[in-house]
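K.L.:
For reference, the structure I am asking about is given below.
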Amino acid sequence: MDELKNCPFCGGDADLIATDGRYGTFVCVACTICDAQSKRFTVHNYDDVFAGKAAQKAVHFWNKRE
Ligand SMILES: [Zn+2]
């Protein structure tokens, strides 16, 4: 898993978070300070929530915004 870059808006630490919704579980990266968030990616049944494909996509998405 790639390391998360700091928030592009406030420079704060970022974290992977998972959300359970009506259509399943999503992961996204969120800033712990200002609540900026990456796009959300759907976690499929066979996928690991914090280390699977969706999590990696969220990390990639977050890191390339800077
Ligand atoms: Zn921030």
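Just remember, in the structure tokens the first chain shown is A, the second B, etc., residues are 1-based per chain, and ligands are 1-based in the order shown.
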Determine, counting only C-alpha atoms, which protein, DNA and RNA residues have an atom within 12 Å of an atom of Gln37 in chain A; residues of the same chain fewer than 3 positions away are not included. Present the result as a PDB file with all heavy atoms, in the first residue's frame.
P.N.:
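Saved to result31.pdb:
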```
ATOM      1  N   ASN A   6       0.039  14.079   2.806  1.00  0.00           N
ATOM      2  CA  ASN A   6      -0.744  14.981   3.646  1.00  0.00           C
ATOM      3  C   ASN A   6      -1.827  15.660   2.816  1.00  0.00           C
ATOM      4  O   ASN A   6      -1.774  15.677   1.594  1.00  0.00           O
ATOM      5  CB  ASN A   6       0.163  16.029   4.282  1.00  0.00           C
ATOM      6  CG  ASN A   6       0.977  15.444   5.412  1.00  0.00           C
ATOM      7  OD1 ASN A   6       0.771  14.298   5.800  1.00  0.00           O
ATOM      8  ND2 ASN A   6       1.916  16.208   5.909  1.00  0.00           N
ATOM      9  N   CYS A   7      -2.767  16.225   3.504  1.00  0.00           N
ATOM     10  CA  CYS A   7      -3.889  16.897   2.859  1.00  0.00           C
ATOM     11  C   CYS A   7      -3.401  18.039   1.960  1.00  0.00           C
ATOM     12  O   CYS A   7      -2.585  18.860   2.383  1.00  0.00           O
ATOM     13  CB  CYS A   7      -4.805  17.452   3.952  1.00  0.00           C
ATOM     14  SG  CYS A   7      -6.160  18.431   3.320  1.00  0.00           S
ATOM     15  N   PRO A   8      -3.896  18.107   0.722  1.00  0.00           N
ATOM     16  CA  PRO A   8      -3.478  19.174  -0.188  1.00  0.00           C
ATOM     17  C   PRO A   8      -4.053  20.543   0.190  1.00  0.00           C
ATOM     18  O   PRO A   8      -3.592  21.567  -0.293  1.00  0.00           O
ATOM     19  CB  PRO A   8      -4.019  18.724  -1.542  1.00  0.00           C
ATOM     20  CG  PRO A   8      -5.130  17.800  -1.229  1.00  0.00           C
ATOM     21  CD  PRO A   8      -4.790  17.148   0.083  1.00  0.00           C
ATOM     22  N   PHE A   9      -5.050  20.556   1.053  1.00  0.00           N
ATOM     23  CA  PHE A   9      -5.679  21.815   1.439  1.00  0.00           C
ATOM     24  C   PHE A   9      -5.079  22.411   2.701  1.00  0.00           C
ATOM     25  O   PHE A   9      -4.771  23.589   2.767  1.00  0.00           O
ATOM     26  CB  PHE A   9      -7.185  21.621   1.628  1.00  0.00           C
ATOM     27  CG  PHE A   9      -7.849  21.079   0.395  1.00  0.00           C
ATOM     28  CD1 PHE A   9      -8.286  19.770   0.350  1.00  0.00           C
ATOM     29  CD2 PHE A   9      -7.981  21.869  -0.732  1.00  0.00           C
ATOM     30  CE1 PHE A   9      -8.881  19.266  -0.799  1.00  0.00           C
ATOM     31  CE2 PHE A   9      -8.562  21.368  -1.889  1.00  0.00           C
ATOM     32  CZ  PHE A   9      -9.016  20.065  -1.919  1.00  0.00           C
ATOM     33  N   ASP A  13      -2.858  15.346   8.468  1.00  0.00           N
ATOM     34  CA  ASP A  13      -2.729  13.917   8.233  1.00  0.00           C
ATOM     35  C   ASP A  13      -4.004  13.361   7.605  1.00  0.00           C
ATOM     36  O   ASP A  13      -5.103  13.796   7.931  1.00  0.00           O
ATOM     37  CB  ASP A  13      -2.488  13.178   9.556  1.00  0.00           C
ATOM     38  CG  ASP A  13      -1.076  13.388  10.051  1.00  0.00           C
ATOM     39  OD1 ASP A  13      -0.186  13.640   9.213  1.00  0.00           O
ATOM     40  OD2 ASP A  13      -0.868  13.297  11.275  1.00  0.00           O
ATOM     41  N   ALA A  14      -3.823  12.393   6.743  1.00  0.00           N
ATOM     42  CA  ALA A  14      -4.966  11.757   6.095  1.00  0.00           C
ATOM     43  C   ALA A  14      -5.088  10.314   6.562  1.00  0.00           C
ATOM     44  O   ALA A  14      -4.115   9.698   6.980  1.00  0.00           O
ATOM     45  CB  ALA A  14      -4.792  11.816   4.582  1.00  0.00           C
ATOM     46  N   ASP A  15      -6.296   9.815   6.501  1.00  0.00           N
ATOM     47  CA  ASP A  15      -6.597   8.465   6.967  1.00  0.00           C
ATOM     48  C   ASP A  15      -7.550   7.776   5.999  1.00  0.00           C
ATOM     49  O   ASP A  15      -8.397   8.428   5.408  1.00  0.00           O
ATOM     50  CB  ASP A  15      -7.311   8.566   8.326  1.00  0.00           C
ATOM     51  CG  ASP A  15      -6.497   7.948   9.427  1.00  0.00           C
ATOM     52  OD1 ASP A  15      -5.587   7.169   9.120  1.00  0.00           O
ATOM     53  OD2 ASP A  15      -6.801   8.255  10.589  1.00  0.00           O
ATOM     54  N   LEU A  16      -7.420   6.480   5.923  1.00  0.00           N
ATOM     55  CA  LEU A  16      -8.412   5.710   5.162  1.00  0.00           C
ATOM     56  C   LEU A  16      -9.624   5.494   6.056  1.00  0.00           C
ATOM     57  O   LEU A  16      -9.487   5.077   7.207  1.00  0.00           O
ATOM     58  CB  LEU A  16      -7.841   4.345   4.808  1.00  0.00           C
ATOM     59  CG  LEU A  16      -7.257   4.101   3.432  1.00  0.00           C
ATOM     60  CD1 LEU A  16      -6.764   2.676   3.358  1.00  0.00           C
ATOM     61  CD2 LEU A  16      -8.267   4.360   2.332  1.00  0.00           C
ATOM     62  N   ILE A  17     -10.795   5.772   5.548  1.00  0.00           N
ATOM     63  CA  ILE A  17     -11.988   5.497   6.334  1.00  0.00           C
ATOM     64  C   ILE A  17     -12.981   4.664   5.519  1.00  0.00           C
ATOM     65  O   ILE A  17     -13.029   4.765   4.300  1.00  0.00           O
ATOM     66  CB  ILE A  17     -12.696   6.784   6.829  1.00  0.00           C
ATOM     67  CG1 ILE A  17     -13.058   7.696   5.670  1.00  0.00           C
ATOM     68  CG2 ILE A  17     -11.840   7.521   7.822  1.00  0.00           C
ATOM     69  CD1 ILE A  17     -13.928   8.858   6.105  1.00  0.00           C
ATOM     70  N   ALA A  18     -13.746   3.864   6.211  1.00  0.00           N
ATOM     71  CA  ALA A  18     -14.751   3.030   5.558  1.00  0.00           C
ATOM     72  C   ALA A  18     -16.126   3.486   6.002  1.00  0.00           C
ATOM     73  O   ALA A  18     -16.328   3.867   7.149  1.00  0.00           O
ATOM     74  CB  ALA A  18     -14.543   1.572   5.936  1.00  0.00           C
ATOM     75  N   VAL A  27     -14.781   2.885   0.710  1.00  0.00           N
ATOM     76  CA  VAL A  27     -13.616   3.450   1.393  1.00  0.00           C
ATOM     77  C   VAL A  27     -13.250   4.753   0.704  1.00  0.00           C
ATOM     78  O   VAL A  27     -13.445   4.920  -0.494  1.00  0.00           O
ATOM     79  CB  VAL A  27     -12.367   2.539   1.368  1.00  0.00           C
ATOM     80  CG1 VAL A  27     -12.500   1.411   2.355  1.00  0.00           C
ATOM     81  CG2 VAL A  27     -12.056   2.039  -0.012  1.00  0.00           C
ATOM     82  N   CYS A  28     -12.747   5.667   1.489  1.00  0.00           N
ATOM     83  CA  CYS A  28     -12.185   6.875   0.920  1.00  0.00           C
ATOM     84  C   CYS A  28     -11.101   7.351   1.861  1.00  0.00           C
ATOM     85  O   CYS A  28     -10.956   6.849   2.968  1.00  0.00           O
ATOM     86  CB  CYS A  28     -13.250   7.954   0.723  1.00  0.00           C
ATOM     87  SG  CYS A  28     -13.900   8.644   2.237  1.00  0.00           S
ATOM     88  N   VAL A  29     -10.326   8.305   1.389  1.00  0.00           N
ATOM     89  CA  VAL A  29      -9.303   8.903   2.229  1.00  0.00           C
ATOM     90  C   VAL A  29      -9.832  10.240   2.698  1.00  0.00           C
ATOM     91  O   VAL A  29     -10.389  11.001   1.908  1.00  0.00           O
ATOM     92  CB  VAL A  29      -7.997   9.110   1.442  1.00  0.00           C
ATOM     93  CG1 VAL A  29      -6.952   9.798   2.312  1.00  0.00           C
ATOM     94  CG2 VAL A  29      -7.474   7.761   0.951  1.00  0.00           C
ATOM     95  N   ALA A  30      -9.708  10.507   3.974  1.00  0.00           N
ATOM     96  CA  ALA A  30     -10.197  11.771   4.510  1.00  0.00           C
ATOM     97  C   ALA A  30      -9.129  12.421   5.361  1.00  0.00           C
ATOM     98  O   ALA A  30      -8.358  11.747   6.046  1.00  0.00           O
ATOM     99  CB  ALA A  30     -11.445  11.543   5.354  1.00  0.00           C
ATOM    100  N   CYS A  31      -9.107  13.748   5.306  1.00  0.00           N
ATOM    101  CA  CYS A  31      -8.196  14.509   6.146  1.00  0.00           C
ATOM    102  C   CYS A  31      -8.734  14.498   7.582  1.00  0.00           C
ATOM    103  O   CYS A  31      -9.930  14.646   7.807  1.00  0.00           O
ATOM    104  CB  CYS A  31      -8.114  15.937   5.627  1.00  0.00           C
ATOM    105  SG  CYS A  31      -7.160  17.028   6.686  1.00  0.00           S
ATOM    106  N   THR A  32      -7.824  14.319   8.544  1.00  0.00           N
ATOM    107  CA  THR A  32      -8.264  14.277   9.936  1.00  0.00           C
ATOM    108  C   THR A  32      -8.503  15.682  10.496  1.00  0.00           C
ATOM    109  O   THR A  32      -9.043  15.848  11.575  1.00  0.00           O
ATOM    110  CB  THR A  32      -7.226  13.564  10.817  1.00  0.00           C
ATOM    111  OG1 THR A  32      -5.967  14.219  10.659  1.00  0.00           O
ATOM    112  CG2 THR A  32      -7.087  12.107  10.423  1.00  0.00           C
ATOM    113  N   ILE A  33      -8.068  16.708   9.760  1.00  0.00           N
ATOM    114  CA  ILE A  33      -8.215  18.086  10.245  1.00  0.00           C
ATOM    115  C   ILE A  33      -9.409  18.788   9.596  1.00  0.00           C
ATOM    116  O   ILE A  33     -10.300  19.282  10.267  1.00  0.00           O
ATOM    117  CB  ILE A  33      -6.952  18.933   9.940  1.00  0.00           C
ATOM    118  CG1 ILE A  33      -5.683  18.216  10.387  1.00  0.00           C
ATOM    119  CG2 ILE A  33      -7.068  20.319  10.567  1.00  0.00           C
ATOM    120  CD1 ILE A  33      -5.446  18.188  11.866  1.00  0.00           C
ATOM    121  N   CYS A  34      -9.421  18.853   8.258  1.00  0.00           N
ATOM    122  CA  CYS A  34     -10.428  19.689   7.596  1.00  0.00           C
ATOM    123  C   CYS A  34     -11.527  18.871   6.921  1.00  0.00           C
ATOM    124  O   CYS A  34     -12.422  19.424   6.302  1.00  0.00           O
ATOM    125  CB  CYS A  34      -9.768  20.620   6.575  1.00  0.00           C
ATOM    126  SG  CYS A  34      -9.245  19.793   5.058  1.00  0.00           S
ATOM    127  N   ARG A  40     -15.137   8.238  -3.281  1.00  0.00           N
ATOM    128  CA  ARG A  40     -15.374   6.995  -2.553  1.00  0.00           C
ATOM    129  C   ARG A  40     -15.343   5.816  -3.524  1.00  0.00           C
ATOM    130  O   ARG A  40     -15.830   5.922  -4.643  1.00  0.00           O
ATOM    131  CB  ARG A  40     -16.735   7.039  -1.861  1.00  0.00           C
ATOM    132  CG  ARG A  40     -16.846   8.189  -0.888  1.00  0.00           C
ATOM    133  CD  ARG A  40     -18.074   8.077  -0.045  1.00  0.00           C
ATOM    134  NE  ARG A  40     -19.294   7.959  -0.863  1.00  0.00           N
ATOM    135  CZ  ARG A  40     -20.481   7.664  -0.343  1.00  0.00           C
ATOM    136  NH1 ARG A  40     -20.607   7.457   0.938  1.00  0.00           N
ATOM    137  NH2 ARG A  40     -21.532   7.589  -1.124  1.00  0.00           N
ATOM    138  N   PHE A  41     -14.770   4.729  -3.074  1.00  0.00           N
ATOM    139  CA  PHE A  41     -14.684   3.547  -3.914  1.00  0.00           C
ATOM    140  C   PHE A  41     -15.392   2.385  -3.234  1.00  0.00           C
ATOM    141  O   PHE A  41     -15.245   2.167  -2.031  1.00  0.00           O
ATOM    142  CB  PHE A  41     -13.218   3.190  -4.173  1.00  0.00           C
ATOM    143  CG  PHE A  41     -12.511   4.230  -4.999  1.00  0.00           C
ATOM    144  CD1 PHE A  41     -11.867   5.294  -4.379  1.00  0.00           C
ATOM    145  CD2 PHE A  41     -12.506   4.150  -6.381  1.00  0.00           C
ATOM    146  CE1 PHE A  41     -11.225   6.274  -5.136  1.00  0.00           C
ATOM    147  CE2 PHE A  41     -11.873   5.122  -7.142  1.00  0.00           C
ATOM    148  CZ  PHE A  41     -11.230   6.184  -6.522  1.00  0.00           C
ATOM    149  N   ALA A  58      -8.395   4.455  -3.686  1.00  0.00           N
ATOM    150  CA  ALA A  58      -8.650   5.669  -2.909  1.00  0.00           C
ATOM    151  C   ALA A  58      -7.341   6.368  -2.556  1.00  0.00           C
ATOM    152  O   ALA A  58      -7.231   7.587  -2.650  1.00  0.00           O
ATOM    153  CB  ALA A  58      -9.426   5.322  -1.635  1.00  0.00           C
ATOM    154  N   VAL A  59      -6.343   5.582  -2.176  1.00  0.00           N
ATOM    155  CA  VAL A  59      -5.029   6.145  -1.836  1.00  0.00           C
ATOM    156  C   VAL A  59      -4.405   6.793  -3.058  1.00  0.00           C
ATOM    157  O   VAL A  59      -3.896   7.914  -2.999  1.00  0.00           O
ATOM    158  CB  VAL A  59      -4.099   5.045  -1.281  1.00  0.00           C
ATOM    159  CG1 VAL A  59      -2.662   5.551  -1.169  1.00  0.00           C
ATOM    160  CG2 VAL A  59      -4.589   4.576   0.077  1.00  0.00           C
ATOM    161  N   PHE A  61      -5.903   7.942  -5.717  1.00  0.00           N
ATOM    162  CA  PHE A  61      -6.695   9.113  -6.055  1.00  0.00           C
ATOM    163  C   PHE A  61      -6.299  10.301  -5.177  1.00  0.00           C
ATOM    164  O   PHE A  61      -6.113  11.423  -5.644  1.00  0.00           O
ATOM    165  CB  PHE A  61      -8.178   8.783  -5.877  1.00  0.00           C
ATOM    166  CG  PHE A  61      -9.118   9.858  -6.342  1.00  0.00           C
ATOM    167  CD1 PHE A  61      -9.564   9.864  -7.639  1.00  0.00           C
ATOM    168  CD2 PHE A  61      -9.548  10.835  -5.466  1.00  0.00           C
ATOM    169  CE1 PHE A  61     -10.425  10.858  -8.080  1.00  0.00           C
ATOM    170  CE2 PHE A  61     -10.417  11.835  -5.902  1.00  0.00           C
ATOM    171  CZ  PHE A  61     -10.848  11.833  -7.216  1.00  0.00           C
ATOM    172  N   TRP A  62      -6.186  10.032  -3.902  1.00  0.00           N
ATOM    173  CA  TRP A  62      -5.824  11.081  -2.944  1.00  0.00           C
ATOM    174  C   TRP A  62      -4.424  11.629  -3.241  1.00  0.00           C
ATOM    175  O   TRP A  62      -4.209  12.822  -3.285  1.00  0.00           O
ATOM    176  CB  TRP A  62      -5.875  10.495  -1.534  1.00  0.00           C
ATOM    177  CG  TRP A  62      -5.411  11.429  -0.458  1.00  0.00           C
ATOM    178  CD1 TRP A  62      -4.161  11.501   0.074  1.00  0.00           C
ATOM    179  CD2 TRP A  62      -6.180  12.419   0.213  1.00  0.00           C
ATOM    180  NE1 TRP A  62      -4.097  12.466   1.025  1.00  0.00           N
ATOM    181  CE2 TRP A  62      -5.330  13.055   1.146  1.00  0.00           C
ATOM    182  CE3 TRP A  62      -7.517  12.826   0.129  1.00  0.00           C
ATOM    183  CZ2 TRP A  62      -5.761  14.072   1.982  1.00  0.00           C
ATOM    184  CZ3 TRP A  62      -7.942  13.860   0.966  1.00  0.00           C
ATOM    185  CH2 TRP A  62      -7.085  14.464   1.885  1.00  0.00           C
ATOM    186  N   ASN A  63      -3.484  10.728  -3.442  1.00  0.00           N
ATOM    187  CA  ASN A  63      -2.087  11.139  -3.598  1.00  0.00           C
ATOM    188  C   ASN A  63      -1.815  11.928  -4.877  1.00  0.00           C
ATOM    189  O   ASN A  63      -0.931  12.768  -4.890  1.00  0.00           O
ATOM    190  CB  ASN A  63      -1.174   9.904  -3.574  1.00  0.00           C
ATOM    191  CG  ASN A  63      -0.966   9.388  -2.169  1.00  0.00           C
ATOM    192  OD1 ASN A  63      -1.280  10.068  -1.194  1.00  0.00           O
ATOM    193  ND2 ASN A  63      -0.455   8.186  -2.050  1.00  0.00           N
ATOM    194  N   ARG A  65      -3.659  14.146  -6.252  1.00  0.00           N
ATOM    195  CA  ARG A  65      -4.302  15.462  -6.335  1.00  0.00           C
ATOM    196  C   ARG A  65      -3.360  16.604  -6.007  1.00  0.00           C
ATOM    197  O   ARG A  65      -3.668  17.752  -6.284  1.00  0.00           O
ATOM    198  CB  ARG A  65      -5.493  15.534  -5.382  1.00  0.00           C
ATOM    199  CG  ARG A  65      -6.627  14.682  -5.843  1.00  0.00           C
ATOM    200  CD  ARG A  65      -7.862  14.972  -5.071  1.00  0.00           C
ATOM    201  NE  ARG A  65      -7.546  15.411  -3.710  1.00  0.00           N
ATOM    202  CZ  ARG A  65      -8.451  15.673  -2.806  1.00  0.00           C
ATOM    203  NH1 ARG A  65      -9.697  15.548  -3.115  1.00  0.00           N
ATOM    204  NH2 ARG A  65      -8.114  16.056  -1.609  1.00  0.00           N
TER     205      ARG A  65
END
```
K.L.:
Taking only chain A into account, list the residues labelled strand (DSSP E or B) by DSSP (computed from the backbone), as a PDB file with C-alpha atoms, in the first residue's frame.
P.N.:
```
ATOM      1  CA  ALA A  14      -4.966  11.757   6.095  1.00  0.00           C
ATOM      2  CA  ASP A  15      -6.597   8.465   6.967  1.00  0.00           C
ATOM      3  CA  LEU A  16      -8.412   5.710   5.162  1.00  0.00           C
ATOM      4  CA  ILE A  17     -11.988   5.497   6.334  1.00  0.00           C
ATOM      5  CA  ALA A  18     -14.751   3.030   5.558  1.00  0.00           C
ATOM      6  CA  THR A  19     -18.432   3.881   5.365  1.00  0.00           C
ATOM      7  CA  ASP A  20     -21.311   1.450   5.297  1.00  0.00           C
ATOM      8  CA  GLY A  21     -24.061   2.624   3.021  1.00  0.00           C
ATOM      9  CA  GLY A  24     -22.424  -1.673   0.539  1.00  0.00           C
ATOM     10  CA  THR A  25     -19.174  -0.500   1.987  1.00  0.00           C
ATOM     11  CA  PHE A  26     -17.123   2.353   0.599  1.00  0.00           C
ATOM     12  CA  VAL A  27     -13.616   3.450   1.393  1.00  0.00           C
ATOM     13  CA  CYS A  28     -12.185   6.875   0.920  1.00  0.00           C
ATOM     14  CA  VAL A  29      -9.303   8.903   2.229  1.00  0.00           C
ATOM     15  CA  ALA A  30     -10.197  11.771   4.510  1.00  0.00           C
ATOM     16  CA  CYS A  31      -8.196  14.509   6.146  1.00  0.00           C
ATOM     17  CA  GLN A  37     -12.257  13.599   1.179  1.00  0.00           C
ATOM     18  CA  PHE A  41     -14.684   3.547  -3.914  1.00  0.00           C
ATOM     19  CA  THR A  42     -16.913   0.531  -3.475  1.00  0.00           C
ATOM     20  CA  VAL A  43     -15.457  -2.385  -1.548  1.00  0.00           C
TER      21      VAL A  43
END
```
K.L.:
Just to confirm, what's the straight-line distance from CA of Cys10 in chain A to CA of Ala36 in chain A in Å (one decimal)?
P.N.:
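If I compute the distance from CA of Cys10 in chain A to CA of Ala36 in chain A, I get 9.0 Å.
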K.L.:
Using DSSP on the backbone, list every residue of chain A that comes out as helix (DSSP H, G or I), and give them as a VMD selection string.
P.N.:
chain A and resid 53 to 63
